[in-house]
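Take a look at the structure set out below.
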Amino acid sequence: MRRQSALAAAVTIFCSGCGQADGAALAARVEIRGDAIPTSLTGEAGRVADGQAEFVSREGGHCVLCHRIEGLQAEFQGNVGPDLTGVGARLTEGQIRLRIVDAQRIWPDTVMPSYYRTGGLRQVGREYEGQPALTARQIEDLVAYLSSQGN
Amino acid sequence: MIRSVLFTLIFLPGCSQPLPPAMASDSALAPSEIRSGLTFLQPETQALQADDFSNPSYLWVDHGAELFSRTPPSGGEACATCHTATNHPQEGAAAHYPAYDEASKSLVNLEGRINLCRERHQSLPPLAYESEDLLALTGYVASLSRGVPVSVSIEGQAAPYYEMGRAYFFQRKGQLNLACSQCHNEHWGRQLRGDTISQGHGNAFPAYRLEWQAFGSLQRRLRDCDAGIRAEPLDYGSELYTAVELYLGSRASGLPMESPGVRR
């Protein structure tokens, strides 16, 4: 709570309008407040079950490449990133959303991909050009799933 | 509190905020911690590489040995006619590749070197990259360097290629915006799903990969890593990938050659 109010003081920035030139352009206009994106990218709540599937599947988010969640049915969960067991109790929905949308905004050197980014990238595979790694809807499903962890 | 101050700092500059680094941070491997990719594999995979009779690479290597001593159908000399124990010996040669070739004024890897001999000394057309015959010859020649420490020259004319390869290694790219160094310098030893990330050395290549169910070149492995981060892979035999091979060789200096290796 204390953190919430401190963050409210942080300046709100409208991103992606900032243009491709700053190298951080996202797939759509997104409002970032402090270290969070408070509102849903689709305007709707995501679905927990679909989010869980996204988290595991190779064609989807494939987050288990780097993260594990205790009790999740998936063989070989990675440990390049932190364990996300109970992450919903540690982070708000908005914080989780920004971490998926653009983790590199928070940790510039991180290996965690910025899943909603389309600008300032090089040598992007032809079939992926101009598209973010995940759609707004996929991200909202992941936000719903992760927020349900630990709550 | 500290966190929120930090965030304000990050976000305040807004549209004029500095570019997120296009280059990953310049970490390096300490020479004392250099380890072959072999040491990160499951014991069963290690055993496959260790035993020449079960190592599937030998299907290619044995074919390569045969090609090496075969007289070209169009006449002329076999590789083995020129390359003997005393004349341009092949033992240990592969450990020095890629190398700068004065005549063509370019950096050539082992595949390129073999093709140069075909063109210059056998009047044969170059073999296509990743063709069975080129893989076979490369695998055979590389197998004659097994155990020899990797030792490439990055001096003189090779220096600019080294720099080029090094820059590629630290360059973030692809839809996932990752650099080779982020996985192979900063996160080796970690689990990326079923794989333990190694330090990304090329000393086992050409190698048999279980995933390919085939023998393949180092550039094929590099293309897979680039595709994994959703970057457009470079063309086979491109100058830039050859430069990356040179950088990898220099980075792996002293590591024993393992080709024909076996990898996951």
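So you can find residues: chains in the structure tokens are A, B, ... in the order shown, residues in each start at 1, and ligands are numbered from 1 in order.
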
With DSSP run on the backbone, what are the helix (DSSP H, G or I) residues within chain A? I'd like them as a count of residues only. 55

With range 71-85 of chain B as the partner and 9 Å as the cut-off, tabulate the residues of range 109-140 of chain B that qualify, each row holding the nearest pair of atoms and their distance in Å to one decimal, using only C-alpha atoms, sorted by chain and rising number, as a tab-separated table.
residue	atom	partner	partner_atom	distance
B:Cys117	CA	B:Cys79	CA	8.3
B:Arg118	CA	B:Cys79	CA	8.6
B:His121	CA	B:Glu77	CA	7.9
B:Gln122	CA	B:Gly76	CA	6.0
B:Ser123	CA	B:Gly76	CA	8.1
B:Leu124	CA	B:Pro72	CA	8.5

Skipping near chain neighbours, those fewer than 4 positions away, what residues fall within 10 Å of range 134-137 of chain B using only C-alpha atoms, listed as a PDB file with C-alpha atoms, in the first residue's frame?
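After the write, around29.pdb holds the following:
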ATOM      1  CA  SER B  57      28.649 -38.609 -36.671  1.00  0.00           C
ATOM      2  CA  TYR B  58      30.812 -41.403 -37.997  1.00  0.00           C
ATOM      3  CA  LEU B  59      28.334 -42.079 -40.776  1.00  0.00           C
ATOM      4  CA  TRP B  60      29.451 -38.716 -42.157  1.00  0.00           C
ATOM      5  CA  VAL B  61      33.078 -38.851 -41.063  1.00  0.00           C
ATOM      6  CA  ASP B  62      33.666 -42.254 -42.659  1.00  0.00           C
ATOM      7  CA  HIS B  63      32.095 -41.011 -45.876  1.00  0.00           C
ATOM      8  CA  GLY B  64      34.401 -37.998 -45.636  1.00  0.00           C
ATOM      9  CA  ALA B  65      37.457 -40.214 -45.287  1.00  0.00           C
ATOM     10  CA  GLU B  66      36.429 -42.006 -48.413  1.00  0.00           C
ATOM     11  CA  LEU B  67      35.872 -38.771 -50.363  1.00  0.00           C
ATOM     12  CA  PHE B  68      39.221 -37.516 -49.148  1.00  0.00           C
ATOM     13  CA  CYS B  79      42.832 -34.571 -51.387  1.00  0.00           C
ATOM     14  CA  LEU B 110      37.025 -24.963 -42.626  1.00  0.00           C
ATOM     15  CA  GLU B 111      34.188 -25.454 -45.098  1.00  0.00           C
ATOM     16  CA  GLY B 112      35.436 -22.492 -47.120  1.00  0.00           C
ATOM     17  CA  ILE B 114      37.974 -27.158 -48.353  1.00  0.00           C
ATOM     18  CA  ASN B 115      36.013 -25.516 -51.146  1.00  0.00           C
ATOM     19  CA  PRO B 126      32.504 -25.608 -54.564  1.00  0.00           C
ATOM     20  CA  LEU B 127      30.183 -27.881 -52.583  1.00  0.00           C
ATOM     21  CA  ALA B 128      27.016 -26.323 -51.238  1.00  0.00           C
ATOM     22  CA  TYR B 129      26.919 -25.455 -47.576  1.00  0.00           C
ATOM     23  CA  GLU B 130      25.269 -28.208 -45.523  1.00  0.00           C
ATOM     24  CA  VAL B 141      39.166 -33.091 -41.569  1.00  0.00           C
ATOM     25  CA  ALA B 142      37.966 -31.774 -38.191  1.00  0.00           C
ATOM     26  CA  SER B 143      38.172 -35.266 -36.667  1.00  0.00           C
ATOM     27  CA  PRO B 206      30.436 -30.084 -37.110  1.00  0.00           C
ATOM     28  CA  ALA B 207      28.420 -32.194 -34.706  1.00  0.00           C
ATOM     29  CA  PHE B 215      25.318 -34.010 -38.666  1.00  0.00           C
ATOM     30  CA  GLY B 216      25.480 -30.257 -39.101  1.00  0.00           C
ATOM     31  CA  SER B 217      27.837 -27.304 -39.250  1.00  0.00           C
TER      32      SER B 217
END

From a backbone DSSP assignment, name each residue in range 85-199 of chain B labelled strand (DSSP E or B), as a count of residues only. 14

Which is closer to Ile37 in chain A than all the others in A:Gln123, A:Thr92, A:Gln104, A:Gln52, using only C-alpha atoms? A:Thr92

What lies within 8 Å of range 21-30 of chain B using only C-alpha atoms, ignoring chain neighbours under 2 positions off, as a count of residues only? 15

Using only C-alpha atoms, which protein or nucleic acid residues come within 7 Å of range 99-105 of chain B? Drop anything in the same chain fewer than 5 positions from it, and give the result as a compact mmCIF listing (two decimals) with N, CA and C atoms, in the first residue's frame.
# COMPACT_ATOMS: atom_id res chain seq x y z
N VAL B 152 43.04 -19.91 -32.87
CA VAL B 152 42.86 -19.14 -34.09
C VAL B 152 43.67 -17.85 -34.01
N SER B 153 44.05 -17.34 -35.16
CA SER B 153 44.77 -16.06 -35.17
C SER B 153 43.79 -14.91 -35.33
N GLN B 157 45.33 -9.19 -40.56
CA GLN B 157 44.14 -9.09 -41.40
C GLN B 157 42.90 -9.69 -40.75
N ALA B 158 43.13 -10.59 -39.77
CA ALA B 158 41.98 -11.24 -39.13
C ALA B 158 41.33 -10.33 -38.08

Tell me which protein, DNA and RNA residues are within 6 Å of range 45-50 of chain A, counting only C-alpha atoms, leaving out same-chain ones fewer than 6 positions away, and put them as a list in words. Glu140, Asp141, Ala144 and Tyr145 of chain A

All residues 12 Å or closer to range 35-44 of chain B, only C-alpha atoms, same chain fewer than 2 positions away omitted, as a ChimeraX atom specification: /B:29-33,46-51,54-55,149-150,184-185,188-191,194-205,207,210,251-264

Given only C-alpha atoms as the counted atoms, nearest of B:Asn177, B:Thr86, B:Ser106, B:Ser145 to chain A: B:Asn177

Using only C-alpha atoms, pick whichever of A:Ala89, A:Val124, A:Leu84, A:Leu26 has the shortest atom-to-atom distance to chain B. A:Val124
